Amino acid sequence: MHYDRALFIFNGNKDDNEVQPMIKQVAPELITYINDLTIKQTHSEEDLKDACNSSNKYDLLIIYGGDGTLHTAINVLAAMDETPVIMLLPGGTCNDFSRALGIPQNIKNATSTLQNNRVEEIDVSAINDNYFMNFAGAGLITEASENIDDQLKQTFGKISYFLSAVQTFQQGGTKRFHLVVDGEEHEVDAVMVIVMNGCFIGTHHLPINSISVKDELLDVIVVRESNMKTIKEWLSLSNLTSDNKDLDQITHFQGKKISISADSSLEVDTDGEIYMETPIEIKMNDQPLKFLVGENFGD
């Protein structure tokens with residue numbers, strides 16, 4: 001299938017040594033399947049938002065960037081009445097949501113999603129007055145994001161998330177959370193609460209088989225303590241269901257509407273971006289978005 005008009009946006013603040021080779025690799029493949037391709041460099045968050053606002057004039061929106069770039073774009077696209085099909089080209093440190101869509105992480109191979117043209121309606125999560133695609137969380141998840149050293153991130157990429165998470169996990173303290181999952185109340189002392197739409201964090205695939213980006217359900221993961229027993233339980237999560245009672249340190253719920261508050265206000269991480277605090281209300285957005293997905297998506 002050919003697309004008539006497509007808008008290709010990428011962060012103009014990226015190093016030319018990264019951008020120029022990327023364009024040379026993907027442009028020949030793109031123009032094979034697109035009649036009219038517009039390439040737009042964005043030099044600020046507002047520039048990116050403006051580009052997304054104009055995307056309803058196109059059949060296809062191609063976004064080159066990481067989870068933060070996608071997060072900014074989604075907070076425009078999810079509020080629009082009409083949107084094009086979205087194609088992700090992984091260009092960030094972890095690219096967690098592109099992984100959830102089964103998109104190859106090699107940039108040239110990622111263009112195969114255009115050739116295959118498998119389009120799926122993908123859930124979008126609304127959180128207070130904003131949106132997220134991959135996850136929202138409070139507690140250790142936020143502290144790990146804040147502890148990432150910028151120089152370490154530039155030098156080591158995704159391993160910096162792992163190092164920060166290990167350091168933070170060793171120092172984690174519990175907090176009192178009040179959860180409401182589809183009207184059912186839960187009071188828990190925990191080091192972390194994560195609400196998942198996707199299934200990757202820091203390139204780590206969450207071993208919970210029930211997580212899906214198109215089931216219109218949110219997955220809530222409560223981690224009670226930061227110790228070795230928790231790590232062992234985490235590694236045994238593959239068959240965890242919402243009624244599983246065997247685990248002491250980790251609890252899993254599913255629902256369509258989630259509220260989270262704490263005894264004291266906590267910062268909330270959404271897709272790696274920290275700009276809001278508890279209390280939060282999360283639900284599935286009424287309108288999903290159409291994405292090109294990888295050949296093995298859903299396997």
# chains A, B, ... in the order shown; residues from 1 in each chain; ligands from 1
$ select_by_dssp --residues "region 39-134 of chain A" --states "strand (DSSP E or B)" --output "list of chain:residue names"
A:Ile39, A:Lys40, A:Gln41, A:Thr42, A:Leu60, A:Leu61, A:Ile62, A:Ile63, A:Tyr64, A:Gly65, A:Val85, A:Ile86, A:Met87, A:Leu88, A:Leu89, A:Pro90, A:Val119, A:Glu120, A:Glu121, A:Ile122, A:Ser125, A:Ala126, A:Ile127, A:Asn130, A:Tyr131, A:Phe132
$ atom_distance --atom1 "CA of Asp59 (chain A)" --atom2 "CA of Gln287 (chain A)"
17.6 Å
$ residues_around --residues "region 217-222 of chain A" --least-positions-apart "6" --cutoff "9 Å" --atoms "only C-alpha atoms" --output "PyMOL selection string"
chain A and resi 123+125+181+188+190-197+210-211+242+249-258+282-284
$ closest_residue --among "A:Ile141, A:Leu266, A:Val26, A:Leu179" --to "Pro90 (chain A)" --atoms "only C-alpha atoms"
A:Val26
$ closest_residue --among "A:Lys40, A:His178, A:Lys57, A:Arg224" --to "Val85 (chain A)" --atoms "only C-alpha atoms"
A:Lys57
$ atom_distance --atom1 "CA of Asp248 (chain A)" --atom2 "CA of Asn134 (chain A)"
25.7 Å
$ decode --residues "region 255-292 of chain A" --atoms "N, CA, C and O atoms" --output "PDB file, in the first residue's frame"
ATOM      1  N   GLY A 255      -7.668  -3.106  35.418  1.00  0.00           N
ATOM      2  CA  GLY A 255      -8.882  -2.307  35.480  1.00  0.00           C
ATOM      3  C   GLY A 255      -8.918  -1.268  34.376  1.00  0.00           C
ATOM      4  O   GLY A 255      -7.935  -1.058  33.662  1.00  0.00           O
ATOM      5  N   LYS A 256     -10.058  -0.624  34.257  1.00  0.00           N
ATOM      6  CA  LYS A 256     -10.246   0.423  33.249  1.00  0.00           C
ATOM      7  C   LYS A 256     -10.087   1.822  33.827  1.00  0.00           C
ATOM      8  O   LYS A 256      -9.793   2.772  33.100  1.00  0.00           O
ATOM      9  N   LYS A 257     -10.302   1.947  35.142  1.00  0.00           N
ATOM     10  CA  LYS A 257     -10.203   3.256  35.773  1.00  0.00           C
ATOM     11  C   LYS A 257      -9.453   3.109  37.097  1.00  0.00           C
ATOM     12  O   LYS A 257      -9.849   2.335  37.959  1.00  0.00           O
ATOM     13  N   ILE A 258      -8.363   3.860  37.228  1.00  0.00           N
ATOM     14  CA  ILE A 258      -7.472   3.740  38.375  1.00  0.00           C
ATOM     15  C   ILE A 258      -7.275   5.114  39.011  1.00  0.00           C
ATOM     16  O   ILE A 258      -7.058   6.105  38.307  1.00  0.00           O
ATOM     17  N   SER A 259      -7.344   5.170  40.327  1.00  0.00           N
ATOM     18  CA  SER A 259      -6.941   6.392  41.017  1.00  0.00           C
ATOM     19  C   SER A 259      -5.859   6.039  42.025  1.00  0.00           C
ATOM     20  O   SER A 259      -5.895   4.969  42.651  1.00  0.00           O
ATOM     21  N   ILE A 260      -4.881   6.928  42.150  1.00  0.00           N
ATOM     22  CA  ILE A 260      -3.750   6.713  43.059  1.00  0.00           C
ATOM     23  C   ILE A 260      -3.507   7.987  43.853  1.00  0.00           C
ATOM     24  O   ILE A 260      -3.369   9.072  43.282  1.00  0.00           O
ATOM     25  N   SER A 261      -3.468   7.839  45.166  1.00  0.00           N
ATOM     26  CA  SER A 261      -3.069   8.941  46.033  1.00  0.00           C
ATOM     27  C   SER A 261      -2.141   8.375  47.097  1.00  0.00           C
ATOM     28  O   SER A 261      -1.993   7.161  47.242  1.00  0.00           O
ATOM     29  N   ALA A 262      -1.492   9.265  47.835  1.00  0.00           N
ATOM     30  CA  ALA A 262      -0.559   8.846  48.875  1.00  0.00           C
ATOM     31  C   ALA A 262      -0.718   9.771  50.068  1.00  0.00           C
ATOM     32  O   ALA A 262      -1.322  10.848  49.975  1.00  0.00           O
ATOM     33  N   ASP A 263      -0.179   9.340  51.209  1.00  0.00           N
ATOM     34  CA  ASP A 263      -0.278  10.158  52.419  1.00  0.00           C
ATOM     35  C   ASP A 263       0.351  11.524  52.217  1.00  0.00           C
ATOM     36  O   ASP A 263      -0.111  12.527  52.765  1.00  0.00           O
ATOM     37  N   SER A 264       1.425  11.575  51.444  1.00  0.00           N
ATOM     38  CA  SER A 264       2.029  12.849  51.052  1.00  0.00           C
ATOM     39  C   SER A 264       2.146  12.863  49.532  1.00  0.00           C
ATOM     40  O   SER A 264       2.238  11.814  48.897  1.00  0.00           O
ATOM     41  N   SER A 265       2.138  14.057  48.946  1.00  0.00           N
ATOM     42  CA  SER A 265       2.180  14.179  47.495  1.00  0.00           C
ATOM     43  C   SER A 265       3.475  13.583  46.942  1.00  0.00           C
ATOM     44  O   SER A 265       4.567  13.832  47.463  1.00  0.00           O
ATOM     45  N   LEU A 266       3.348  12.763  45.884  1.00  0.00           N
ATOM     46  CA  LEU A 266       4.502  12.127  45.249  1.00  0.00           C
ATOM     47  C   LEU A 266       4.584  12.523  43.786  1.00  0.00           C
ATOM     48  O   LEU A 266       3.556  12.666  43.106  1.00  0.00           O
ATOM     49  N   GLU A 267       5.804  12.680  43.297  1.00  0.00           N
ATOM     50  CA  GLU A 267       5.987  12.950  41.879  1.00  0.00           C
ATOM     51  C   GLU A 267       5.606  11.714  41.063  1.00  0.00           C
ATOM     52  O   GLU A 267       5.772  10.580  41.517  1.00  0.00           O
ATOM     53  N   VAL A 268       5.106  11.955  39.868  1.00  0.00           N
ATOM     54  CA  VAL A 268       4.647  10.879  38.992  1.00  0.00           C
ATOM     55  C   VAL A 268       5.455  10.898  37.702  1.00  0.00           C
ATOM     56  O   VAL A 268       5.643  11.948  37.084  1.00  0.00           O
ATOM     57  N   ASP A 269       5.936   9.733  37.326  1.00  0.00           N
ATOM     58  CA  ASP A 269       6.694   9.552  36.090  1.00  0.00           C
ATOM     59  C   ASP A 269       5.736   9.021  35.025  1.00  0.00           C
ATOM     60  O   ASP A 269       5.098   7.982  35.209  1.00  0.00           O
ATOM     61  N   THR A 270       5.602   9.736  33.911  1.00  0.00           N
ATOM     62  CA  THR A 270       4.797   9.253  32.788  1.00  0.00           C
ATOM     63  C   THR A 270       5.700   9.126  31.570  1.00  0.00           C
ATOM     64  O   THR A 270       6.205  10.126  31.050  1.00  0.00           O
ATOM     65  N   ASP A 271       5.942   7.896  31.138  1.00  0.00           N
ATOM     66  CA  ASP A 271       6.785   7.630  29.968  1.00  0.00           C
ATOM     67  C   ASP A 271       8.176   8.239  30.112  1.00  0.00           C
ATOM     68  O   ASP A 271       8.788   8.682  29.125  1.00  0.00           O
ATOM     69  N   GLY A 272       8.671   8.315  31.351  1.00  0.00           N
ATOM     70  CA  GLY A 272       9.989   8.883  31.577  1.00  0.00           C
ATOM     71  C   GLY A 272      10.006  10.378  31.782  1.00  0.00           C
ATOM     72  O   GLY A 272      11.069  10.963  31.999  1.00  0.00           O
ATOM     73  N   GLU A 273       8.832  11.020  31.732  1.00  0.00           N
ATOM     74  CA  GLU A 273       8.730  12.465  31.923  1.00  0.00           C
ATOM     75  C   GLU A 273       8.081  12.739  33.277  1.00  0.00           C
ATOM     76  O   GLU A 273       7.047  12.140  33.606  1.00  0.00           O
ATOM     77  N   ILE A 274       8.671  13.634  34.057  1.00  0.00           N
ATOM     78  CA  ILE A 274       8.178  13.927  35.408  1.00  0.00           C
ATOM     79  C   ILE A 274       7.719  15.378  35.481  1.00  0.00           C
ATOM     80  O   ILE A 274       8.539  16.293  35.462  1.00  0.00           O
ATOM     81  N   TYR A 275       6.393  15.578  35.523  1.00  0.00           N
ATOM     82  CA  TYR A 275       5.880  16.946  35.594  1.00  0.00           C
ATOM     83  C   TYR A 275       4.544  17.038  36.334  1.00  0.00           C
ATOM     84  O   TYR A 275       3.891  18.063  36.321  1.00  0.00           O
ATOM     85  N   MET A 276       4.121  15.947  36.979  1.00  0.00           N
ATOM     86  CA  MET A 276       2.888  15.991  37.748  1.00  0.00           C
ATOM     87  C   MET A 276       3.075  15.242  39.061  1.00  0.00           C
ATOM     88  O   MET A 276       4.083  14.562  39.261  1.00  0.00           O
ATOM     89  N   GLU A 277       2.099  15.393  39.962  1.00  0.00           N
ATOM     90  CA  GLU A 277       2.161  14.757  41.278  1.00  0.00           C
ATOM     91  C   GLU A 277       0.839  14.063  41.584  1.00  0.00           C
ATOM     92  O   GLU A 277      -0.182  14.348  40.950  1.00  0.00           O
ATOM     93  N   THR A 278       0.879  13.139  42.548  1.00  0.00           N
ATOM     94  CA  THR A 278      -0.357  12.533  43.030  1.00  0.00           C
ATOM     95  C   THR A 278      -1.164  13.597  43.779  1.00  0.00           C
ATOM     96  O   THR A 278      -0.582  14.544  44.322  1.00  0.00           O
ATOM     97  N   PRO A 279      -2.495  13.451  43.788  1.00  0.00           N
ATOM     98  CA  PRO A 279      -3.287  12.312  43.307  1.00  0.00           C
ATOM     99  C   PRO A 279      -3.469  12.337  41.792  1.00  0.00           C
ATOM    100  O   PRO A 279      -3.443  13.399  41.174  1.00  0.00           O
ATOM    101  N   ILE A 280      -3.654  11.133  41.223  1.00  0.00           N
ATOM    102  CA  ILE A 280      -3.865  11.012  39.784  1.00  0.00           C
ATOM    103  C   ILE A 280      -5.068  10.105  39.510  1.00  0.00           C
ATOM    104  O   ILE A 280      -5.375   9.198  40.268  1.00  0.00           O
ATOM    105  N   GLU A 281      -5.746  10.407  38.409  1.00  0.00           N
ATOM    106  CA  GLU A 281      -6.841   9.583  37.893  1.00  0.00           C
ATOM    107  C   GLU A 281      -6.437   9.099  36.512  1.00  0.00           C
ATOM    108  O   GLU A 281      -6.075   9.904  35.648  1.00  0.00           O
ATOM    109  N   ILE A 282      -6.478   7.798  36.307  1.00  0.00           N
ATOM    110  CA  ILE A 282      -6.059   7.206  35.034  1.00  0.00           C
ATOM    111  C   ILE A 282      -7.198   6.379  34.459  1.00  0.00           C
ATOM    112  O   ILE A 282      -7.854   5.614  35.170  1.00  0.00           O
ATOM    113  N   LYS A 283      -7.413   6.520  33.175  1.00  0.00           N
ATOM    114  CA  LYS A 283      -8.418   5.707  32.491  1.00  0.00           C
ATOM    115  C   LYS A 283      -8.032   5.576  31.027  1.00  0.00           C
ATOM    116  O   LYS A 283      -7.175   6.314  30.520  1.00  0.00           O
ATOM    117  N   MET A 284      -8.658   4.640  30.351  1.00  0.00           N
ATOM    118  CA  MET A 284      -8.432   4.485  28.928  1.00  0.00           C
ATOM    119  C   MET A 284      -9.107   5.629  28.175  1.00  0.00           C
ATOM    120  O   MET A 284     -10.250   5.966  28.444  1.00  0.00           O
ATOM    121  N   ASN A 285      -8.369   6.215  27.239  1.00  0.00           N
ATOM    122  CA  ASN A 285      -8.969   7.239  26.397  1.00  0.00           C
ATOM    123  C   ASN A 285     -10.022   6.601  25.509  1.00  0.00           C
ATOM    124  O   ASN A 285      -9.911   5.449  25.100  1.00  0.00           O
ATOM    125  N   ASP A 286     -11.088   7.353  25.233  1.00  0.00           N
ATOM    126  CA  ASP A 286     -12.193   6.799  24.437  1.00  0.00           C
ATOM    127  C   ASP A 286     -11.750   6.418  23.032  1.00  0.00           C
ATOM    128  O   ASP A 286     -12.275   5.457  22.452  1.00  0.00           O
ATOM    129  N   GLN A 287     -10.784   7.148  22.489  1.00  0.00           N
ATOM    130  CA  GLN A 287     -10.373   6.923  21.109  1.00  0.00           C
ATOM    131  C   GLN A 287      -8.960   6.371  21.041  1.00  0.00           C
ATOM    132  O   GLN A 287      -8.016   7.030  21.458  1.00  0.00           O
ATOM    133  N   PRO A 288      -8.768   5.148  20.533  1.00  0.00           N
ATOM    134  CA  PRO A 288      -7.401   4.648  20.344  1.00  0.00           C
ATOM    135  C   PRO A 288      -6.736   5.363  19.176  1.00  0.00           C
ATOM    136  O   PRO A 288      -7.387   6.116  18.436  1.00  0.00           O
ATOM    137  N   LEU A 289      -5.446   5.146  18.997  1.00  0.00           N
ATOM    138  CA  LEU A 289      -4.714   5.705  17.867  1.00  0.00           C
ATOM    139  C   LEU A 289      -4.215   4.566  16.983  1.00  0.00           C
ATOM    140  O   LEU A 289      -3.923   3.463  17.461  1.00  0.00           O
ATOM    141  N   LYS A 290      -4.108   4.832  15.692  1.00  0.00           N
ATOM    142  CA  LYS A 290      -3.659   3.822  14.746  1.00  0.00           C
ATOM    143  C   LYS A 290      -2.152   3.897  14.558  1.00  0.00           C
ATOM    144  O   LYS A 290      -1.611   4.955  14.235  1.00  0.00           O
ATOM    145  N   PHE A 291      -1.482   2.760  14.783  1.00  0.00           N
ATOM    146  CA  PHE A 291      -0.032   2.676  14.641  1.00  0.00           C
ATOM    147  C   PHE A 291       0.328   1.575  13.648  1.00  0.00           C
ATOM    148  O   PHE A 291      -0.326   0.526  13.595  1.00  0.00           O
ATOM    149  N   LEU A 292       1.413   1.781  12.914  1.00  0.00           N
ATOM    150  CA  LEU A 292       2.043   0.690  12.214  1.00  0.00           C
ATOM    151  C   LEU A 292       2.804  -0.152  13.221  1.00  0.00           C
ATOM    152  O   LEU A 292       3.532   0.394  14.073  1.00  0.00           O
TER     153      LEU A 292
END
